[in-house]
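Visitor: File follows, my_file.txt with compact mmCIF, C-alpha atoms:
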```txt
# COMPACT_ATOMS: atom_id res chain seq x y z
CA MET A 1 54.88 84.24 -91.11
CA GLN A 2 52.96 87.36 -90.29
CA SER A 3 49.63 85.63 -90.89
CA LYS A 4 50.58 82.81 -88.46
CA GLY A 5 51.33 85.36 -85.67
CA ILE A 6 48.01 87.08 -86.24
CA MET A 7 46.25 83.68 -85.99
CA ARG A 8 47.93 82.83 -82.66
CA THR A 9 46.94 86.23 -81.23
CA THR A 10 43.31 85.72 -82.31
CA ILE A 11 43.15 82.23 -80.68
CA THR A 12 44.67 83.50 -77.39
CA ALA A 13 42.25 86.42 -77.22
CA GLY A 14 39.35 84.02 -77.78
CA MET A 15 40.44 81.72 -74.98
CA VAL A 16 40.73 84.66 -72.57
CA LEU A 17 37.26 85.82 -73.51
CA VAL A 18 35.81 82.35 -72.87
CA ALA A 19 37.52 82.15 -69.46
CA VAL A 20 36.12 85.53 -68.46
CA LEU A 21 32.61 84.47 -69.46
CA VAL A 22 32.87 81.19 -67.47
CA ALA A 23 34.17 83.00 -64.35
CA GLY A 24 31.35 85.48 -64.56
CA VAL A 25 28.75 82.74 -64.71
CA TRP A 26 30.37 80.93 -61.70
CA TYR A 27 30.41 84.05 -59.54
CA LYS A 28 26.79 84.77 -60.45
CA GLU A 29 25.68 81.26 -59.47
CA GLN A 30 27.75 81.39 -56.25
CA ALA A 31 26.13 84.69 -55.21
CA LYS A 32 22.71 83.24 -55.93
CA SER A 33 23.49 80.17 -53.74
CA GLU A 34 24.65 82.37 -50.86
CA LYS A 35 21.47 84.43 -51.06
CA LEU A 36 19.33 81.29 -51.04
CA ALA A 37 21.28 79.92 -48.06
CA GLN A 38 20.74 83.16 -46.17
CA ALA A 39 17.08 83.20 -47.02
CA ARG A 40 16.58 79.54 -45.97
CA PRO A 41 15.34 79.33 -42.32
CA GLN A 42 17.83 77.71 -39.84
CA GLY A 43 16.65 74.57 -37.95
CA THR A 44 16.52 74.34 -34.14
CA PRO A 45 19.78 72.80 -32.90
CA THR A 46 19.55 69.59 -30.89
CA VAL A 47 21.53 69.22 -27.68
CA VAL A 48 21.91 66.63 -24.94
CA ALA A 49 21.30 67.85 -21.40
CA ALA A 50 21.65 66.42 -17.90
CA THR A 51 19.99 67.46 -14.66
CA ALA A 52 22.02 68.97 -11.83
CA ASN A 53 21.40 66.82 -8.74
CA THR A 54 22.40 66.92 -5.08
CA GLU A 55 24.39 63.85 -4.11
CA SER A 56 27.37 62.72 -2.09
CA VAL A 57 30.68 64.13 -3.33
CA ARG A 58 34.14 62.97 -2.25
CA TRP A 59 37.69 64.10 -2.33
CA GLU A 60 39.61 60.85 -2.67
CA VAL A 61 43.31 60.02 -2.58
CA GLU A 62 44.27 56.80 -4.38
CA ALA A 63 47.06 54.60 -3.06
CA LEU A 64 48.36 51.03 -2.80
CA GLY A 65 48.38 49.34 0.60
CA THR A 66 49.77 46.16 2.13
CA VAL A 67 47.75 44.02 4.55
CA ARG A 68 49.30 43.18 7.92
CA ALA A 69 47.92 41.15 10.80
CA ARG A 70 46.78 43.15 13.82
CA GLU A 71 48.78 40.75 15.99
CA SER A 72 51.32 38.28 14.63
CA VAL A 73 53.74 35.88 16.32
CA ILE A 74 55.93 32.88 15.55
CA LEU A 75 55.20 30.35 18.28
CA SER A 76 58.26 28.70 19.81
CA ALA A 77 59.34 26.80 22.93
CA LYS A 78 61.04 28.40 25.94
CA VAL A 79 63.01 25.28 26.88
CA THR A 80 64.86 22.41 25.23
CA GLU A 81 62.57 19.40 25.34
CA SER A 82 60.95 16.77 23.13
CA VAL A 83 57.39 17.14 21.86
CA GLN A 84 54.88 14.93 23.62
CA ALA A 85 51.70 15.96 21.77
CA VAL A 86 50.52 18.46 19.15
CA HIS A 87 46.94 19.68 19.64
CA PHE A 88 46.28 21.68 16.45
CA GLN A 89 45.99 21.28 12.67
CA ASP A 90 47.33 23.40 9.81
CA GLY A 91 45.32 26.58 9.30
CA GLN A 92 43.16 26.05 12.39
CA ARG A 93 41.35 28.92 14.07
CA VAL A 94 42.09 29.03 17.78
CA ALA A 95 40.96 31.08 20.76
CA GLN A 96 43.18 32.79 23.28
CA GLY A 97 44.38 30.24 25.88
CA ASP A 98 43.88 27.13 23.73
CA LEU A 99 46.54 24.44 24.37
CA LEU A 100 48.61 23.95 21.21
CA VAL A 101 51.63 21.82 22.19
CA THR A 102 52.61 19.68 25.17
CA LEU A 103 56.30 18.95 25.76
CA ARG A 104 57.56 16.03 27.80
CA ASP A 105 56.86 16.97 31.45
CA ALA A 106 57.28 13.82 33.59
CA GLU A 107 60.43 15.09 35.33
CA GLN A 108 58.87 18.45 36.14
CA GLN A 109 55.72 16.77 37.43
CA ALA A 110 57.85 14.69 39.85
CA LYS A 111 59.84 17.70 41.02
CA LEU A 112 56.64 19.63 41.60
CA ARG A 113 55.14 16.85 43.72
CA ALA A 114 58.31 16.66 45.80
CA ALA A 115 58.34 20.43 46.29
CA ARG A 116 54.70 20.41 47.45
CA ALA A 117 55.42 17.61 49.91
CA ASN A 118 58.45 19.50 51.23
CA LEU A 119 56.39 22.65 51.73
CA THR A 120 53.65 20.70 53.50
CA GLU A 121 56.24 19.15 55.84
CA HIS A 122 57.72 22.57 56.71
CA GLU A 123 54.27 24.00 57.38
CA ARG A 124 53.44 21.06 59.66
CA GLU A 125 56.74 21.59 61.51
CA PHE A 126 55.91 25.28 61.84
CA ASN A 127 52.57 24.51 63.50
CA ARG A 128 54.27 22.09 65.95
CA ILE A 129 57.04 24.50 66.88
CA GLU A 130 54.62 27.43 67.17
CA GLY A 131 52.79 25.57 69.93
CA LEU A 132 56.04 24.86 71.77
CA VAL A 133 57.10 28.47 71.53
CA LYS A 134 53.80 29.59 73.04
CA THR A 135 54.39 27.29 76.01
CA LYS A 136 57.99 28.54 76.12
CA THR A 137 59.24 25.01 75.77
CA ILE A 138 61.71 26.08 73.06
CA PRO A 139 63.12 29.51 72.19
CA SER A 140 61.33 31.70 69.62
CA ASN A 141 64.32 31.78 67.26
CA GLU A 142 63.49 28.20 66.29
CA LEU A 143 60.23 29.58 64.81
CA ASP A 144 62.15 32.12 62.71
CA LYS A 145 64.31 29.35 61.30
CA ILE A 146 61.32 27.29 60.20
CA LEU A 147 59.73 30.37 58.58
CA THR A 148 62.85 30.77 56.46
CA ASP A 149 62.63 27.13 55.42
CA ILE A 150 58.99 27.65 54.44
CA ASP A 151 59.91 30.64 52.24
CA ILE A 152 62.64 28.60 50.52
CA ALA A 153 60.21 25.71 49.97
CA ARG A 154 57.63 28.06 48.44
CA ALA A 155 60.23 29.57 46.09
CA GLN A 156 61.33 26.10 44.99
CA LEU A 157 57.71 25.12 44.38
CA ALA A 158 57.20 28.23 42.23
CA GLN A 159 60.35 27.42 40.25
CA TYR A 160 59.22 23.88 39.48
CA GLN A 161 55.74 25.15 38.60
CA ALA A 162 57.26 27.59 36.10
CA GLU A 163 59.34 24.80 34.58
CA LEU A 164 56.21 22.69 34.22
CA ASP A 165 54.25 25.57 32.68
CA ALA A 166 57.01 26.02 30.09
CA ARG A 167 56.15 22.53 28.82
CA TYR A 168 52.71 23.73 27.68
CA ILE A 169 52.39 26.16 24.77
CA TYR A 170 49.12 28.10 24.61
CA ALA A 171 47.68 30.53 22.05
CA PRO A 172 48.55 34.03 23.29
CA PHE A 173 45.58 35.50 21.39
CA SER A 174 42.76 34.40 19.12
CA GLY A 175 43.65 33.98 15.49
CA LEU A 176 44.54 31.76 12.56
CA LEU A 177 47.42 29.27 12.73
CA GLY A 178 49.79 28.66 9.86
CA PHE A 179 51.44 25.37 8.90
CA ARG A 180 52.65 23.05 11.68
CA GLN A 181 56.47 22.92 11.74
CA ILE A 182 56.97 20.15 14.35
CA SER A 183 55.91 16.57 14.99
CA PRO A 184 55.46 14.49 18.15
CA GLY A 185 58.82 13.24 19.39
CA ALA A 186 60.81 16.05 17.82
CA LEU A 187 63.34 17.87 20.00
CA VAL A 188 62.67 21.59 20.17
CA THR A 189 64.90 24.32 21.56
CA PRO A 190 64.24 27.98 22.42
CA GLY A 191 63.57 29.75 19.12
CA THR A 192 62.43 26.66 17.21
CA ALA A 193 59.43 27.70 15.06
CA ILE A 194 56.33 25.70 15.90
CA ALA A 195 53.78 27.63 13.81
CA THR A 196 52.68 31.15 13.00
CA LEU A 197 49.64 32.75 14.63
CA ASP A 198 47.93 35.81 13.14
CA ASP A 199 45.02 37.81 14.52
CA LEU A 200 43.05 38.51 11.33
CA ALA A 201 39.63 39.51 12.67
CA VAL A 202 40.80 43.07 12.10
CA VAL A 203 43.83 43.68 9.84
CA LYS A 204 46.18 46.62 9.52
CA LEU A 205 46.52 48.35 6.16
CA ASP A 206 49.70 50.38 5.61
CA PHE A 207 49.95 52.73 2.62
CA THR A 208 51.85 55.87 1.61
CA VAL A 209 50.34 59.26 0.82
CA PRO A 210 52.16 62.30 -0.65
CA GLU A 211 53.09 64.88 1.97
CA ARG A 212 50.91 67.56 0.33
CA PHE A 213 47.85 65.71 1.69
CA LEU A 214 49.16 65.70 5.27
CA SER A 215 46.71 68.38 6.43
CA GLN A 216 43.82 66.12 5.37
CA LEU A 217 45.13 63.04 7.19
CA THR A 218 43.52 62.56 10.57
CA PRO A 219 42.49 59.42 12.47
CA GLY A 220 38.92 58.47 11.69
CA LYS A 221 39.06 59.06 7.92
CA SER A 222 37.46 56.27 5.87
CA VAL A 223 39.23 54.03 3.36
CA GLU A 224 37.86 51.61 0.77
CA GLY A 225 39.98 48.92 -0.87
CA LEU A 226 39.84 46.28 -3.60
CA VAL A 227 41.93 43.10 -3.97
CA ALA A 228 42.49 40.92 -7.01
CA ALA A 229 41.33 37.81 -5.16
CA PHE A 230 37.77 39.14 -4.69
CA PRO A 231 36.86 41.28 -7.75
CA GLY A 232 34.20 43.88 -7.10
CA GLU A 233 34.13 43.39 -3.32
CA ARG A 234 34.95 46.50 -1.30
CA PHE A 235 36.72 46.30 2.04
CA LYS A 236 36.10 49.28 4.32
CA GLY A 237 38.29 50.56 7.11
CA THR A 238 39.28 53.56 9.20
CA VAL A 239 42.56 55.45 9.55
CA VAL A 240 43.99 54.87 13.04
CA SER A 241 47.42 56.51 12.90
CA ILE A 242 49.87 58.50 10.77
CA ASP A 243 53.61 57.96 10.89
CA SER A 244 55.64 60.62 12.68
CA ARG A 245 58.14 61.01 9.84
CA ILE A 246 58.11 61.92 6.14
CA ASN A 247 60.31 59.87 3.84
CA PRO A 248 62.85 62.43 2.51
CA GLU A 249 63.33 60.48 -0.74
CA THR A 250 59.71 59.90 -1.72
CA ARG A 251 58.22 62.88 0.18
CA ALA A 252 55.45 60.59 1.38
CA VAL A 253 54.09 59.57 4.76
CA VAL A 254 52.94 56.11 5.85
CA VAL A 255 49.31 55.91 6.97
CA ARG A 256 47.86 52.97 8.88
CA ALA A 257 44.21 51.95 8.73
CA GLU A 258 42.32 49.06 10.29
CA VAL A 259 39.93 47.00 8.16
CA ASP A 260 37.22 44.66 9.41
CA ASN A 261 38.07 41.10 8.31
CA ARG A 262 35.77 38.83 10.30
CA GLU A 263 35.45 36.47 7.33
CA PHE A 264 39.25 36.09 7.14
CA LYS A 265 39.32 36.96 3.42
CA LEU A 266 42.26 39.31 3.72
CA ARG A 267 45.65 37.74 4.47
CA PRO A 268 48.94 39.36 5.49
CA GLY A 269 50.99 40.47 2.48
CA MET A 270 47.99 41.09 0.20
CA LEU A 271 48.07 44.19 -2.03
CA LEU A 272 45.04 46.50 -1.88
CA THR A 273 44.12 49.23 -4.33
CA LEU A 274 42.49 51.72 -2.03
CA ARG A 275 40.94 55.15 -1.81
CA LEU A 276 41.37 57.40 1.18
CA ILE A 277 38.24 59.54 1.52
CA ALA A 278 39.80 62.83 2.62
CA GLU A 279 36.50 64.73 2.48
CA GLU A 280 32.87 63.77 1.88
CA ARG A 281 29.72 65.91 1.82
CA GLN A 282 26.43 66.52 0.01
CA GLY A 283 26.80 68.81 -3.01
CA LEU A 284 25.24 69.83 -6.33
CA VAL A 285 26.83 67.71 -9.07
CA VAL A 286 26.85 67.90 -12.89
CA PRO A 287 28.77 65.92 -15.56
CA GLU A 288 32.29 67.25 -15.99
CA GLU A 289 31.78 67.56 -19.76
CA ALA A 290 29.27 70.37 -19.17
CA ILE A 291 32.03 72.71 -17.97
CA ILE A 292 33.26 75.36 -20.45
CA PRO A 293 36.67 76.76 -19.38
CA LEU A 294 37.43 80.28 -20.54
CA GLN A 295 40.75 81.64 -19.30
CA ARG A 296 40.48 81.52 -15.50
CA ASP A 297 36.68 81.32 -15.39
CA GLN A 298 34.33 78.35 -15.75
CA PHE A 299 30.92 78.51 -17.49
CA ILE A 300 27.92 76.25 -18.07
CA TYR A 301 25.09 76.43 -20.61
CA VAL A 302 21.75 76.03 -18.84
CA VAL A 303 18.49 75.31 -20.69
CA ASN A 304 15.58 77.12 -19.00
CA ALA A 305 11.89 76.15 -18.95
CA ASP A 306 11.39 77.73 -22.41
CA ASN A 307 14.27 75.70 -23.88
CA VAL A 308 16.37 78.84 -24.22
CA VAL A 309 20.11 78.65 -23.58
CA GLU A 310 21.54 80.69 -20.70
CA GLN A 311 25.24 81.10 -20.03
CA ARG A 312 26.18 80.89 -16.33
CA LYS A 313 29.49 81.56 -14.65
CA VAL A 314 30.02 78.85 -12.03
CA THR A 315 32.29 78.09 -9.08
CA LEU A 316 33.59 74.53 -8.98
CA GLY A 317 34.13 72.32 -5.94
CA LEU A 318 35.24 68.70 -5.65
CA ARG A 319 35.77 66.48 -8.71
CA SER A 320 35.40 62.71 -8.94
CA ARG A 321 35.53 60.55 -12.08
CA GLY A 322 33.50 62.51 -14.61
CA ARG A 323 31.46 64.46 -12.04
CA VAL A 324 32.10 67.91 -10.65
CA GLU A 325 30.54 69.80 -7.76
CA ILE A 326 29.00 73.23 -8.45
CA LEU A 327 29.25 75.65 -5.53
CA GLU A 328 27.62 78.65 -7.25
CA GLY A 329 25.85 79.38 -10.53
CA VAL A 330 23.40 76.48 -10.95
CA ALA A 331 20.36 75.41 -8.93
CA ASP A 332 19.26 71.88 -8.08
CA GLY A 333 17.12 70.39 -10.87
CA GLU A 334 18.27 72.72 -13.66
CA ARG A 335 19.25 71.24 -17.03
CA VAL A 336 22.83 71.73 -18.25
CA ILE A 337 24.05 71.02 -21.78
CA THR A 338 26.58 68.21 -22.05
CA ARG A 339 26.57 67.56 -25.83
CA GLY A 340 26.19 70.03 -28.66
CA ILE A 341 27.72 72.94 -26.76
CA GLN A 342 29.66 74.05 -29.85
CA LYS A 343 26.40 74.37 -31.88
CA VAL A 344 24.56 76.83 -29.62
CA ARG A 345 24.93 80.32 -28.18
CA PRO A 346 23.23 82.15 -25.28
CA GLY A 347 19.66 83.21 -26.04
CA GLN A 348 19.14 80.50 -28.65
CA THR A 349 16.20 78.11 -28.52
CA VAL A 350 17.21 74.43 -28.59
CA GLU A 351 15.66 71.00 -28.69
CA VAL A 352 16.74 68.95 -25.67
CA ARG A 353 17.48 65.24 -25.76
CA ASP A 354 18.34 62.89 -22.91
CA SER A 355 20.99 61.05 -24.98
CA GLU A 356 22.61 60.93 -28.41
CA ARG A 357 20.93 57.67 -29.40
CA PHE A 358 18.69 59.17 -32.09
CA THR A 359 16.73 57.01 -34.56
CA HIS A 360 17.98 56.50 -38.10
CA LEU A 361 15.17 58.71 -39.47
CA GLU A 362 16.08 61.58 -37.11
CA ALA A 363 19.77 61.25 -37.93
CA SER A 364 19.13 61.46 -41.65
```
Now that the file is in, can you turn its structure into structure tokens?
Guide:
Amino acid sequence: MQSKGIMRTTITAGMVLVAVLVAGVWYKEQAKSEKLAQARPQGTPTVVAATANTESVRWEVEALGTVRARESVILSAKVTESVQAVHFQDGQRVAQGDLLVTLRDAEQQAKLRAARANLTEHEREFNRIEGLVKTKTIPSNELDKILTDIDIARAQLAQYQAELDARYIYAPFSGLLGFRQISPGALVTPGTAIATLDDLAVVKLDFTVPERFLSQLTPGKSVEGLVAAFPGERFKGTVVSIDSRINPETRAVVVRAEVDNREFKLRPGMLLTLRLIAEERQGLVVPEEAIIPLQRDQFIYVVNADNVVEQRKVTLGLRSRGRVEILEGVADGERVITRGIQKVRPGQTVEVRDSERFTHLEAS
């Protein structure tokens, strides 16, 4: 029993000795590798850089807007009468003053002719009596009576003329007609819809903007919009007015712009995805990915003419979709690092690339 215990102790001691020898060899090789790594010269890091350029910068507010006609009306009759003739087609463009519908007018034509004849007769009687009054053949009060009759005849003529005019329906302004809602022979009454007429040469665009942008909303600001019906085509307009009230529920204000629509592509009710250009100017712009935020400050790595990295503290201006304006810290034409920022430090020499599309040989 004692010999077995001695044997186990001998084996355990041997295993410990072997482990110590292996660990010693590993640490020796690791130290050698670290020394070789330190002695091996570091390669020049490769970065991607972009040039700071002066270009147009914008502060834009995005919104959704609804198209409305500049002028819009539902044409209807003023009197109860049957339709004699319709002078337009569905969707026709018309000019102001074009005759659209004629109602039956024979009775009014007859009344008008009778009223004109009556007025002519009273005027003839006036001329005859005026001569007699001058010769004092009849008293002057007879002339006053005929003047009253003339005034009544003129009023009656005007009344019949108005009734006749009500039988003709004209376009109150130039625009685009909708579908025809009547047919010849149909009886129309006041309020009966004949057709719609919209002035679409210039359309209104109503959209809402959060109240925090109210100080930037003034008539004359530019807007640009897109519609699903015409992909890629931009419609440009100008802000003409701002509503006098803020919606207390949405905390937004309604803004109205006018958009040129001479080709009649935009129709009332269309939805536009638009941008209100609150501010636009020329500024020095760099890619947004070049910015290095550090607490409250912003920095940029600039590569000078000797390909040495310089760290610059910058002041930022307007931002727009991956681009940012630099107010201070970088000059026009300087190169700023956009890729590989984490691999470099100020004062280090770098190799500059225009993009990350390296060849397979370079990548390996």
Visitor: Neighbouring residues of A:Gln161 were defined as those with any atom within 10 Å, considering only C-alpha atoms; residues of the same chain fewer than 6 positions away were excluded. Please report them as a PyMOL selection string.
Guide: chain A and resi 108-109+111-113+115+155
Visitor: Would you mind telling me which residue in A:Glu325, A:Glu224, A:Asp332, A:Glu289 lies nearest to A:Arg275 when using only C-alpha atoms?
Guide: A:Glu224
Visitor: Report as a PyMOL selection string all protein, DNA and RNA residues lying within 6 Å of stretch 191-207 of chain A, evaluated on all atoms listed in the file, omitting residues in the same chain fewer than 4 positions from it.
Guide: chain A and resi 64-76+175-182+254-262
Visitor: Let me see the file: selected residues, C-alpha atoms, as an mmCIF file, keeping the file's coordinate frame.
Guide:
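Dumped everything to part.cif:
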```cif
data_model
loop_
_atom_site.group_PDB
_atom_site.id
_atom_site.type_symbol
_atom_site.label_atom_id
_atom_site.label_comp_id
_atom_site.auth_asym_id
_atom_site.auth_seq_id
_atom_site.Cartn_x
_atom_site.Cartn_y
_atom_site.Cartn_z
ATOM 1 C CA LEU A 64 48.360 51.030 -2.800
ATOM 2 C CA GLY A 65 48.380 49.340 0.600
ATOM 3 C CA THR A 66 49.770 46.160 2.130
ATOM 4 C CA VAL A 67 47.750 44.020 4.550
ATOM 5 C CA ARG A 68 49.300 43.180 7.920
ATOM 6 C CA ALA A 69 47.920 41.150 10.800
ATOM 7 C CA ARG A 70 46.780 43.150 13.820
ATOM 8 C CA GLU A 71 48.780 40.750 15.990
ATOM 9 C CA SER A 72 51.320 38.280 14.630
ATOM 10 C CA VAL A 73 53.740 35.880 16.320
ATOM 11 C CA ILE A 74 55.930 32.880 15.550
ATOM 12 C CA LEU A 75 55.200 30.350 18.280
ATOM 13 C CA SER A 76 58.260 28.700 19.810
ATOM 14 C CA GLY A 175 43.650 33.980 15.490
ATOM 15 C CA LEU A 176 44.540 31.760 12.560
ATOM 16 C CA LEU A 177 47.420 29.270 12.730
ATOM 17 C CA GLY A 178 49.790 28.660 9.860
ATOM 18 C CA PHE A 179 51.440 25.370 8.900
ATOM 19 C CA ARG A 180 52.650 23.050 11.680
ATOM 20 C CA GLN A 181 56.470 22.920 11.740
ATOM 21 C CA ILE A 182 56.970 20.150 14.350
ATOM 22 C CA VAL A 254 52.940 56.110 5.850
ATOM 23 C CA VAL A 255 49.310 55.910 6.970
ATOM 24 C CA ARG A 256 47.860 52.970 8.880
ATOM 25 C CA ALA A 257 44.210 51.950 8.730
ATOM 26 C CA GLU A 258 42.320 49.060 10.290
ATOM 27 C CA VAL A 259 39.930 47.000 8.160
ATOM 28 C CA ASP A 260 37.220 44.660 9.410
ATOM 29 C CA ASN A 261 38.070 41.100 8.310
ATOM 30 C CA ARG A 262 35.770 38.830 10.300
#
```
Visitor: To one decimal place in Å, what is the distance between atom CA of A:Asp354 and atom CA of A:Val330?
Guide: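 These atoms are spaced 18.8 Å apart.
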Visitor: May I ask which of the residues A:Gln156, A:Thr189, A:Asn127, A:Thr148 is the closest one to A:Glu81, counting only C-alpha atoms?
Guide: A:Thr189
Visitor: Just give me the gap between atom CA of A:Val286 and atom CA of A:Val302 in Å, one decimal is fine.
Guide: 11.3 Å
Visitor: Find the residue from A:Ala229, A:Val223, A:Ala63, A:Ile152 that sits nearest to A:Glu279; use all atoms listed in the file when measuring.
Guide: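 Nearest to A:Glu279: A:Val223.
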Visitor: Using all atoms listed in the file, which of A:Val336, A:Ala77, A:Val61, A:Val308 sits nearest A:Pro210?
Guide: A:Val61
Visitor: Kindly give the distance, in Å, that separates atom CA of A:Phe126 and atom CA of A:Ala110, rounded to a single decimal.
Guide: 24.5 Å
Visitor: Using all atoms listed in the file for the distances, tell me which of A:Ile246, A:Val227, A:Gln311, A:Phe299 is nearest to A:Leu271.
Guide: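 For A:Leu271, the nearest of the candidates is A:Val227.
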Visitor: Tell me, as a PyMOL selection string, which residues lie within 12 Å of A:Gln84, counting only C-alpha atoms; anything in the same chain fewer than 6 positions away does not count.
Guide: chain A and resi 100-106+167-169+182-188
Visitor: Neighbourhood query: residues within 12 Å of (37.8, 66.6, 2.6), file coordinates, counting all atoms listed in the file; return as number ranges by chain.
Guide: A: 57-61, 213-218, 221-222, 276-282, 317-319
Visitor: Can we get stretch 108-126 of chain A of that structure written down with C-alpha atoms, as an mmCIF file, in the first residue's frame?
Guide:
```
data_model
loop_
_atom_site.group_PDB
_atom_site.id
_atom_site.type_symbol
_atom_site.label_atom_id
_atom_site.label_comp_id
_atom_site.auth_asym_id
_atom_site.auth_seq_id
_atom_site.Cartn_x
_atom_site.Cartn_y
_atom_site.Cartn_z
ATOM 1 C CA GLN A 108 -88.086 86.067 -73.288
ATOM 2 C CA GLN A 109 -87.149 87.058 -76.827
ATOM 3 C CA ALA A 110 -90.805 88.006 -77.500
ATOM 4 C CA LYS A 111 -91.114 89.960 -74.262
ATOM 5 C CA LEU A 112 -87.910 91.812 -75.050
ATOM 6 C CA ARG A 113 -89.120 92.809 -78.516
ATOM 7 C CA ALA A 114 -92.395 94.073 -77.057
ATOM 8 C CA ALA A 115 -90.569 96.061 -74.388
ATOM 9 C CA ARG A 116 -88.318 97.700 -76.995
ATOM 10 C CA ALA A 117 -91.330 98.625 -79.116
ATOM 11 C CA ASN A 118 -93.079 100.078 -76.072
ATOM 12 C CA LEU A 119 -90.029 102.172 -75.193
ATOM 13 C CA THR A 120 -89.736 103.411 -78.777
ATOM 14 C CA GLU A 121 -93.415 104.432 -78.751
ATOM 15 C CA HIS A 122 -93.003 106.377 -75.478
ATOM 16 C CA GLU A 123 -89.912 108.144 -76.807
ATOM 17 C CA ARG A 124 -91.777 109.102 -79.993
ATOM 18 C CA GLU A 125 -94.669 110.432 -77.883
ATOM 19 C CA PHE A 126 -92.182 112.384 -75.778
#
```
